[in-house]
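Enquirer: Sharing start-v5.txt (compact mmCIF, C-alpha atoms) below.
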# COMPACT_ATOMS: atom_id res chain seq x y z
CA MET A 1 0.00 0.00 0.00
CA THR A 2 1.38 3.41 -1.03
CA VAL A 3 1.08 6.84 0.58
CA LEU A 4 1.57 9.89 -1.64
CA ILE A 5 2.83 13.06 0.05
CA ALA A 6 2.12 15.88 -2.40
CA GLY A 7 4.26 18.69 -1.05
CA CYS A 8 7.01 16.85 0.81
CA GLY A 9 8.54 19.71 2.78
CA ASP A 10 9.41 19.67 6.47
CA LEU A 11 5.98 18.62 7.73
CA GLY A 12 5.23 16.32 4.81
CA THR A 13 8.59 14.60 5.18
CA GLU A 14 8.10 14.03 8.91
CA ALA A 15 4.67 12.54 8.20
CA GLY A 16 6.15 10.43 5.40
CA LEU A 17 8.84 9.01 7.67
CA ARG A 18 6.14 8.04 10.16
CA PHE A 19 4.07 6.35 7.44
CA ALA A 20 7.18 4.45 6.35
CA ALA A 21 7.90 3.37 9.93
CA ALA A 22 4.35 2.00 10.06
CA GLY A 23 5.06 -0.18 7.03
CA PHE A 24 3.74 1.90 4.14
CA SER A 25 5.54 2.54 0.87
CA VAL A 26 5.83 6.34 0.70
CA LEU A 27 6.16 8.51 -2.39
CA GLY A 28 7.09 12.18 -1.90
CA TRP A 29 6.58 14.94 -4.47
CA ARG A 30 8.47 18.23 -4.37
CA ARG A 31 10.43 20.46 -6.70
CA SER A 32 13.75 19.35 -5.20
CA PRO A 33 13.39 15.60 -4.57
CA GLU A 34 17.06 15.27 -3.65
CA ASN A 35 16.10 16.80 -0.29
CA ILE A 36 13.70 13.94 0.50
CA PRO A 37 15.34 11.36 2.79
CA ALA A 38 15.10 7.60 2.47
CA PRO A 39 13.02 5.52 2.85
CA ILE A 40 10.66 8.00 1.16
CA MET A 41 10.86 7.72 -2.63
CA GLY A 42 11.34 11.27 -3.94
CA ARG A 43 10.00 12.45 -7.29
CA ALA A 44 10.35 15.86 -8.91
CA ALA A 45 6.98 17.58 -9.14
CA ASP A 46 5.76 21.15 -9.51
CA LEU A 47 2.25 21.14 -8.10
CA THR A 48 1.58 24.65 -9.42
CA GLY A 49 2.20 23.67 -13.04
CA SER A 50 0.09 21.37 -15.21
CA SER A 51 -1.44 18.21 -13.80
CA GLY A 52 -0.38 16.43 -16.98
CA GLU A 53 3.25 17.01 -16.05
CA LEU A 54 2.95 15.41 -12.61
CA PRO A 55 4.49 11.94 -12.14
CA ARG A 56 2.34 8.83 -12.50
CA ILE A 57 0.62 7.79 -9.30
CA PRO A 58 0.98 4.12 -8.26
CA ALA A 59 -2.23 2.13 -8.61
CA ASP A 60 -2.04 0.93 -4.99
CA THR A 61 -2.01 4.45 -3.56
CA ASP A 62 -4.46 4.37 -0.66
CA VAL A 63 -3.61 7.61 1.15
CA VAL A 64 -2.87 11.04 -0.32
CA VAL A 65 -1.64 13.91 1.83
CA ILE A 66 -1.68 17.37 0.23
CA ALA A 67 0.78 19.48 2.23
CA VAL A 68 1.62 22.40 -0.02
CA ALA A 69 3.35 25.64 0.93
CA ALA A 70 3.36 28.96 -0.88
CA GLY A 71 6.70 30.27 -2.07
CA ARG A 72 5.92 33.74 -0.75
CA ARG A 73 3.19 35.48 1.23
CA SER A 74 1.03 36.85 -1.59
CA GLU A 75 -2.43 36.04 -2.84
CA ASP A 76 -1.12 34.85 -6.22
CA ALA A 77 1.47 32.55 -4.65
CA TYR A 78 -1.10 31.08 -2.28
CA ARG A 79 -3.57 30.52 -5.13
CA ALA A 80 -0.94 28.73 -7.20
CA ALA A 81 0.09 26.49 -4.29
CA TYR A 82 -3.19 25.78 -2.53
CA VAL A 83 -5.95 26.05 -5.14
CA ASP A 84 -4.09 25.10 -8.31
CA GLY A 85 -1.92 22.59 -6.47
CA THR A 86 -4.90 20.80 -4.95
CA ALA A 87 -6.77 20.75 -8.26
CA ASN A 88 -3.71 19.35 -10.03
CA VAL A 89 -3.31 16.51 -7.52
CA LEU A 90 -6.99 15.60 -7.92
CA ASP A 91 -6.69 15.79 -11.70
CA ALA A 92 -3.64 13.52 -11.64
CA LEU A 93 -5.54 10.95 -9.55
CA GLU A 94 -8.34 10.99 -12.13
CA ARG A 95 -5.84 10.83 -14.99
CA ASP A 96 -4.29 7.67 -13.55
CA GLY A 97 -7.56 6.08 -12.41
CA VAL A 98 -6.43 6.00 -8.77
CA HIS A 99 -9.06 6.17 -6.03
CA PRO A 100 -7.39 6.51 -2.62
CA GLN A 101 -9.37 5.64 0.47
CA ARG A 102 -8.16 8.76 2.27
CA ILE A 103 -7.21 12.23 1.10
CA LEU A 104 -6.01 14.71 3.73
CA PHE A 105 -5.41 18.38 3.04
CA VAL A 106 -3.15 20.35 5.38
CA SER A 107 -4.88 23.69 5.90
CA SER A 108 -4.52 26.60 8.29
CA THR A 109 -6.53 28.24 11.04
CA ALA A 110 -5.98 31.45 9.06
CA VAL A 111 -9.44 30.72 7.64
CA TYR A 112 -10.91 31.90 10.98
CA GLY A 113 -11.39 35.51 11.92
CA ASP A 114 -10.93 37.29 15.22
CA ALA A 115 -13.08 35.77 17.97
CA GLY A 116 -12.50 38.31 20.72
CA GLY A 117 -10.75 35.74 22.86
CA ALA A 118 -13.57 33.19 22.57
CA TRP A 119 -13.16 29.49 21.86
CA VAL A 120 -13.11 28.43 18.22
CA ASP A 121 -13.66 24.91 16.87
CA GLU A 122 -14.75 23.10 13.72
CA ASN A 123 -18.30 24.43 14.05
CA THR A 124 -17.15 28.05 14.08
CA PRO A 125 -17.88 29.68 10.70
CA ALA A 126 -14.79 30.49 8.67
CA ALA A 127 -14.24 34.22 8.21
CA PRO A 128 -10.76 34.85 6.81
CA ALA A 129 -9.29 38.22 7.75
CA SER A 130 -6.70 38.11 4.95
CA ALA A 131 -6.65 37.44 1.23
CA THR A 132 -4.31 34.50 1.74
CA GLY A 133 -6.65 32.99 4.35
CA ALA A 134 -9.51 33.33 1.86
CA VAL A 135 -7.49 31.45 -0.77
CA ILE A 136 -6.82 28.58 1.65
CA LEU A 137 -10.55 28.37 2.40
CA GLU A 138 -11.22 28.29 -1.35
CA ALA A 139 -8.84 25.33 -1.65
CA GLU A 140 -10.70 23.50 1.14
CA GLU A 141 -14.01 24.09 -0.64
CA LEU A 142 -12.57 22.92 -3.97
CA LEU A 143 -11.34 19.71 -2.35
CA HIS A 144 -14.65 18.94 -0.64
CA SER A 145 -16.61 19.70 -3.81
CA ARG A 146 -14.66 16.96 -5.60
CA ARG A 147 -14.01 14.61 -2.68
CA PRO A 148 -16.67 15.18 0.01
CA ASP A 149 -15.04 12.46 2.13
CA ALA A 150 -11.65 14.21 2.20
CA VAL A 151 -10.22 15.31 5.55
CA VAL A 152 -9.09 18.88 6.18
CA LEU A 153 -6.65 19.47 9.05
CA ARG A 154 -6.37 23.13 10.03
CA LEU A 155 -3.04 23.71 11.78
CA SER A 156 -1.92 26.75 13.75
CA GLY A 157 1.48 27.99 14.83
CA ILE A 158 3.68 25.06 13.80
CA TYR A 159 6.99 25.07 15.67
CA GLY A 160 9.70 22.49 16.20
CA PRO A 161 13.22 21.64 15.02
CA GLY A 162 14.65 24.56 13.05
CA ARG A 163 11.54 26.68 13.65
CA THR A 164 13.10 28.84 16.30
CA ARG A 165 11.90 32.40 15.63
CA LEU A 166 10.72 33.01 19.21
CA ILE A 167 13.76 31.30 20.72
CA ASP A 168 16.08 33.38 18.54
CA SER A 169 14.33 36.62 19.52
CA VAL A 170 14.73 35.81 23.23
CA THR A 171 18.39 34.88 22.76
CA ALA A 172 19.07 38.07 20.82
CA GLY A 173 17.21 40.26 23.29
CA THR A 174 14.84 41.47 20.60
CA ALA A 175 11.66 39.70 21.71
CA ALA A 176 8.58 41.93 21.51
CA VAL A 177 6.74 41.30 24.77
CA PRO A 178 3.13 42.47 24.49
CA ALA A 179 1.91 44.73 27.28
CA VAL A 180 -1.62 43.43 26.82
CA PRO A 181 -2.71 39.78 26.51
CA GLN A 182 -2.13 38.32 23.03
CA LEU A 183 -3.48 34.83 22.58
CA THR A 184 -1.47 32.35 20.53
CA ASN A 185 -2.19 28.78 19.44
CA ARG A 186 0.43 26.31 18.31
CA ILE A 187 1.32 22.69 17.59
CA HIS A 188 4.70 20.96 17.52
CA ARG A 189 5.62 19.73 14.04
CA ASP A 190 5.93 16.16 15.26
CA ASP A 191 2.41 16.19 16.70
CA ALA A 192 1.11 17.70 13.45
CA ALA A 193 2.78 14.90 11.48
CA ALA A 194 1.47 12.27 13.89
CA ALA A 195 -2.05 13.69 13.53
CA ILE A 196 -1.81 13.34 9.74
CA VAL A 197 -0.90 9.67 10.07
CA HIS A 198 -3.53 9.08 12.74
CA LEU A 199 -6.42 10.65 10.81
CA THR A 200 -5.60 8.76 7.60
CA THR A 201 -4.87 5.33 9.05
CA ALA A 202 -6.38 4.94 12.53
CA VAL A 203 -9.80 6.61 12.33
CA ALA A 204 -12.46 4.48 10.67
CA ASP A 205 -14.84 7.28 9.74
CA PRO A 206 -13.08 10.64 10.05
CA ALA A 207 -14.93 13.92 10.07
CA PRO A 208 -14.39 16.27 7.14
CA LEU A 209 -12.61 18.83 9.32
CA TYR A 210 -10.25 18.93 12.32
CA VAL A 211 -8.47 21.74 14.13
CA GLY A 212 -4.85 20.81 14.86
CA VAL A 213 -3.50 22.62 17.91
CA ASP A 214 -2.14 21.55 21.27
CA ASP A 215 -4.03 21.57 24.56
CA GLU A 216 -3.28 25.10 25.71
CA PRO A 217 -3.91 28.42 23.98
CA ALA A 218 -1.32 30.68 25.58
CA ASP A 219 -0.59 34.34 26.09
CA LEU A 220 2.46 35.20 23.99
CA ALA A 221 4.05 36.97 26.95
CA ASP A 222 3.81 33.76 28.98
CA VAL A 223 5.53 31.81 26.22
CA LEU A 224 8.32 34.37 26.00
CA ARG A 225 8.78 34.42 29.79
CA PHE A 226 9.02 30.63 29.80
CA LEU A 227 11.66 30.66 27.06
CA ALA A 228 13.60 33.39 28.84
CA THR A 229 13.66 31.32 32.03
CA GLU A 230 14.78 28.19 30.16
CA LEU A 231 17.51 30.13 28.37
CA GLY A 232 18.59 32.17 31.38
CA ARG A 233 17.93 35.44 29.56
CA ASP A 234 16.23 38.71 30.43
CA LEU A 235 13.31 39.99 28.40
CA PRO A 236 12.84 43.57 27.20
CA GLU A 237 10.18 45.60 28.95
CA PRO A 238 6.63 44.92 27.69
CA SER A 239 5.41 47.29 25.01
CA LEU A 240 2.31 47.91 22.99
CA THR A 241 2.71 45.81 19.86
CA GLU A 242 0.52 45.02 16.91
CA SER A 243 -1.69 42.03 17.56
CA SER A 244 -0.74 38.70 16.05
CA ARG A 245 -1.98 37.92 12.57
CA GLY A 246 -3.33 34.73 14.16
CA GLY A 247 -6.28 36.61 15.64
CA ASP A 248 -7.59 36.80 19.19
CA ARG A 249 -9.04 33.32 19.71
CA ARG A 250 -8.67 30.11 21.67
CA LEU A 251 -8.56 27.12 19.34
CA SER A 252 -9.98 23.82 20.59
CA ASN A 253 -8.55 20.39 19.73
CA ALA A 254 -11.49 18.51 21.29
CA ARG A 255 -12.56 16.83 18.04
CA LEU A 256 -9.03 15.63 17.25
CA SER A 257 -8.48 14.41 20.80
CA GLY A 258 -11.85 12.67 20.66
CA THR A 259 -10.52 10.35 17.93
CA GLY A 260 -8.04 8.88 20.43
CA PHE A 261 -5.12 11.03 19.32
CA THR A 262 -2.62 11.82 22.06
CA PHE A 263 -0.08 14.62 21.97
CA THR A 264 3.60 14.04 22.62
CA TYR A 265 3.84 17.77 23.36
CA PRO A 266 0.49 18.79 24.89
CA THR A 267 1.67 22.36 25.62
CA PHE A 268 4.37 24.73 24.48
CA ARG A 269 6.42 23.88 27.58
CA GLU A 270 7.11 20.26 26.64
CA GLY A 271 7.53 21.16 22.99
CA TYR A 272 9.97 24.02 23.43
CA ARG A 273 11.98 22.05 25.96
CA ALA A 274 12.43 19.39 23.29
CA VAL A 275 13.49 22.00 20.73
CA LEU A 276 15.94 23.55 23.17
CA ALA A 277 17.36 20.08 23.88
CA GLY A 278 18.02 19.61 20.17
CA ALA A 279 15.46 16.85 19.65
CA GLY A 280 14.65 16.12 16.01
CA VAL A 281 15.80 17.76 12.78
CA ARG A 282 14.18 20.04 10.26
CA HIS A 283 13.81 18.32 6.90
CA GLY A 284 15.32 20.22 3.92
Take the structure I supplied and represent it as structure tokens, if you would.

Expert:
Amino acid sequence: MTVLIAGCGDLGTEAGLRFAAAGFSVLGWRRSPENIPAPIMGRAADLTGSSGELPRIPADTDVVVIAVAAGRRSEDAYRAAYVDGTANVLDALERDGVHPQRILFVSSTAVYGDAGGAWVDENTPAAPASATGAVILEAEELLHSRRPDAVVLRLSGIYGPGRTRLIDSVTAGTAAVPAVPQLTNRIHRDDAAAAIVHLTTAVADPAPLYVGVDDEPADLADVLRFLATELGRDLPEPSLTESSRGGDRRLSNARLSGTGFTFTYPTFREGYRAVLAGAGVRHG
């Protein structure tokens, strides 16, 4: 049985390695396949081009993970990656007569708007506050219009090996500590990858949508104070800063947890301690 990772970057590669460890044959598509580690089979593929130019898909492909990333933060780049990329993968499946049992699309909680600090879950209406968030929502809708049984996993604030922006700001003494509460939601890359594998292989009848975050929405200042303590550094004085583009909301993982999924890093504390200890690597 084969798993196709369409968009085999850092997250896709980590998921692919976990599929391979579970006994699957894994095929990874990306522009630079030389960066895909064994045992994943890398193939050169530009998801934003023509579906006819994509590699052939093995007939025994049972799981497809679409984990694209835009080359830059613009509406056009997001449309090419998320909307065109998703359509091209679906077209290639039709071209090759392959009907996978599971298709999972890695999305973003950017499709939600500001909630004034309230809890947000899968039943909360999407209301993107940015053009790029609107494009991601369009890609979700395209996928479900063609594969109503597909699974969408909306992730927020992925951090982990090599994703050290906050750590670096604390180390450099440049961290912007908000003077007023600023809610943040996050998930460790390894838990995001594990959730992808779990939802495509261990859940008999998955819902069409899951929010992928850890157990604890956290005030950004609390996260920075924790990192400063761990690193033995002082933080700059709090200041009025622009609110996070993530919006003022508390994201709930109740539906994901209800499938039996368990987090290795249930809060930012366990996750950042692992990063600081050098656990794991970022994949090319």

Enquirer: What are the closest atom pairs, with distances in Å to one decimal, for each residue of segment 85-179 of chain A lying within 6 Å of segment 211-222 of chain A, using all atoms listed in the file, rows by chain and rising residue number, as CSV?

Expert:
residue,atom,partner,partner_atom,distance
A:Leu153,CA,A:Val211,CA,5.9
A:Arg154,CA,A:Val211,CA,4.8
A:Leu155,CA,A:Gly212,CA,4.6
A:Val177,CA,A:Ala221,CA,5.5

Enquirer: Given only C-alpha atoms, how would the per-residue table for segment 185-241 of chain A near segment 86-102 of chain A read, listing every residue at most 12 Å away with its closest atom pair and distance in Å to one decimal, sorted by chain and number, as CSV?

Expert:
residue,atom,partner,partner_atom,distance
A:Ile196,CA,A:Arg102,CA,10.8
A:Val197,CA,A:Arg102,CA,10.7
A:His198,CA,A:Arg102,CA,11.5
A:Leu199,CA,A:Arg102,CA,8.9
A:Thr200,CA,A:Arg102,CA,5.9
A:Thr201,CA,A:Arg102,CA,8.3
A:Ala202,CA,A:Arg102,CA,11.1
A:Val203,CA,A:Arg102,CA,10.4
A:Ala204,CA,A:Arg102,CA,10.4
A:Asp205,CA,A:Arg102,CA,10.1
A:Pro206,CA,A:Arg102,CA,9.4
A:Ala207,CA,A:Arg102,CA,11.5
A:Pro208,CA,A:Arg102,CA,10.9

Enquirer: One decimal, Å: what's the distance from atom CA of Ile40 of chain A over to atom CA of Phe263 of chain A, could you say?

Expert: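 Interatomic distance, atom CA of Ile40 of chain A to atom CA of Phe263 of chain A: 24.3 Å.
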
Enquirer: Give me the residues within 8 Å of Pro55 of chain A as a list in words, counting only C-alpha atoms and dropping any in the same chain fewer than 3 places off.

Expert: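 Returned residues: Arg43, Ala44 and Ala45 of chain A.
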
Enquirer: So the first atom is atom CA of Ala126 of chain A and the second is atom CA of Ser156 of chain A; what is the distance between them in Å, to one decimal place?

Expert: 14.3 Å

Enquirer: So how many Å separate atom CA of Ala193 of chain A and atom CA of Gly7 of chain A, to one decimal?

Expert: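 Answer for the atom CA of Ala193 of chain A to atom CA of Gly7 of chain A separation: 13.2 Å.
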
Enquirer: List the neighbours of Gly271 of chain A out to 9 Å using all atoms listed in the file; skip same-chain residues closer than 6 positions along the sequence, and give me the result as JSON, numbers by chain.

Expert: {"A": [159, 160, 187, 188, 264, 265]}

Enquirer: Any chance you could export the current selection's C-alpha atoms as a PDB file, keeping the file's coordinate frame?

Expert:
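Output file again04.pdb is given in full below:
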ATOM      1  CA  TYR A 159       6.990  25.070  15.670  1.00  0.00           C
ATOM      2  CA  GLY A 160       9.700  22.490  16.200  1.00  0.00           C
ATOM      3  CA  ILE A 187       1.320  22.690  17.590  1.00  0.00           C
ATOM      4  CA  HIS A 188       4.700  20.960  17.520  1.00  0.00           C
ATOM      5  CA  THR A 264       3.600  14.040  22.620  1.00  0.00           C
ATOM      6  CA  TYR A 265       3.840  17.770  23.360  1.00  0.00           C
TER       7      TYR A 265
END
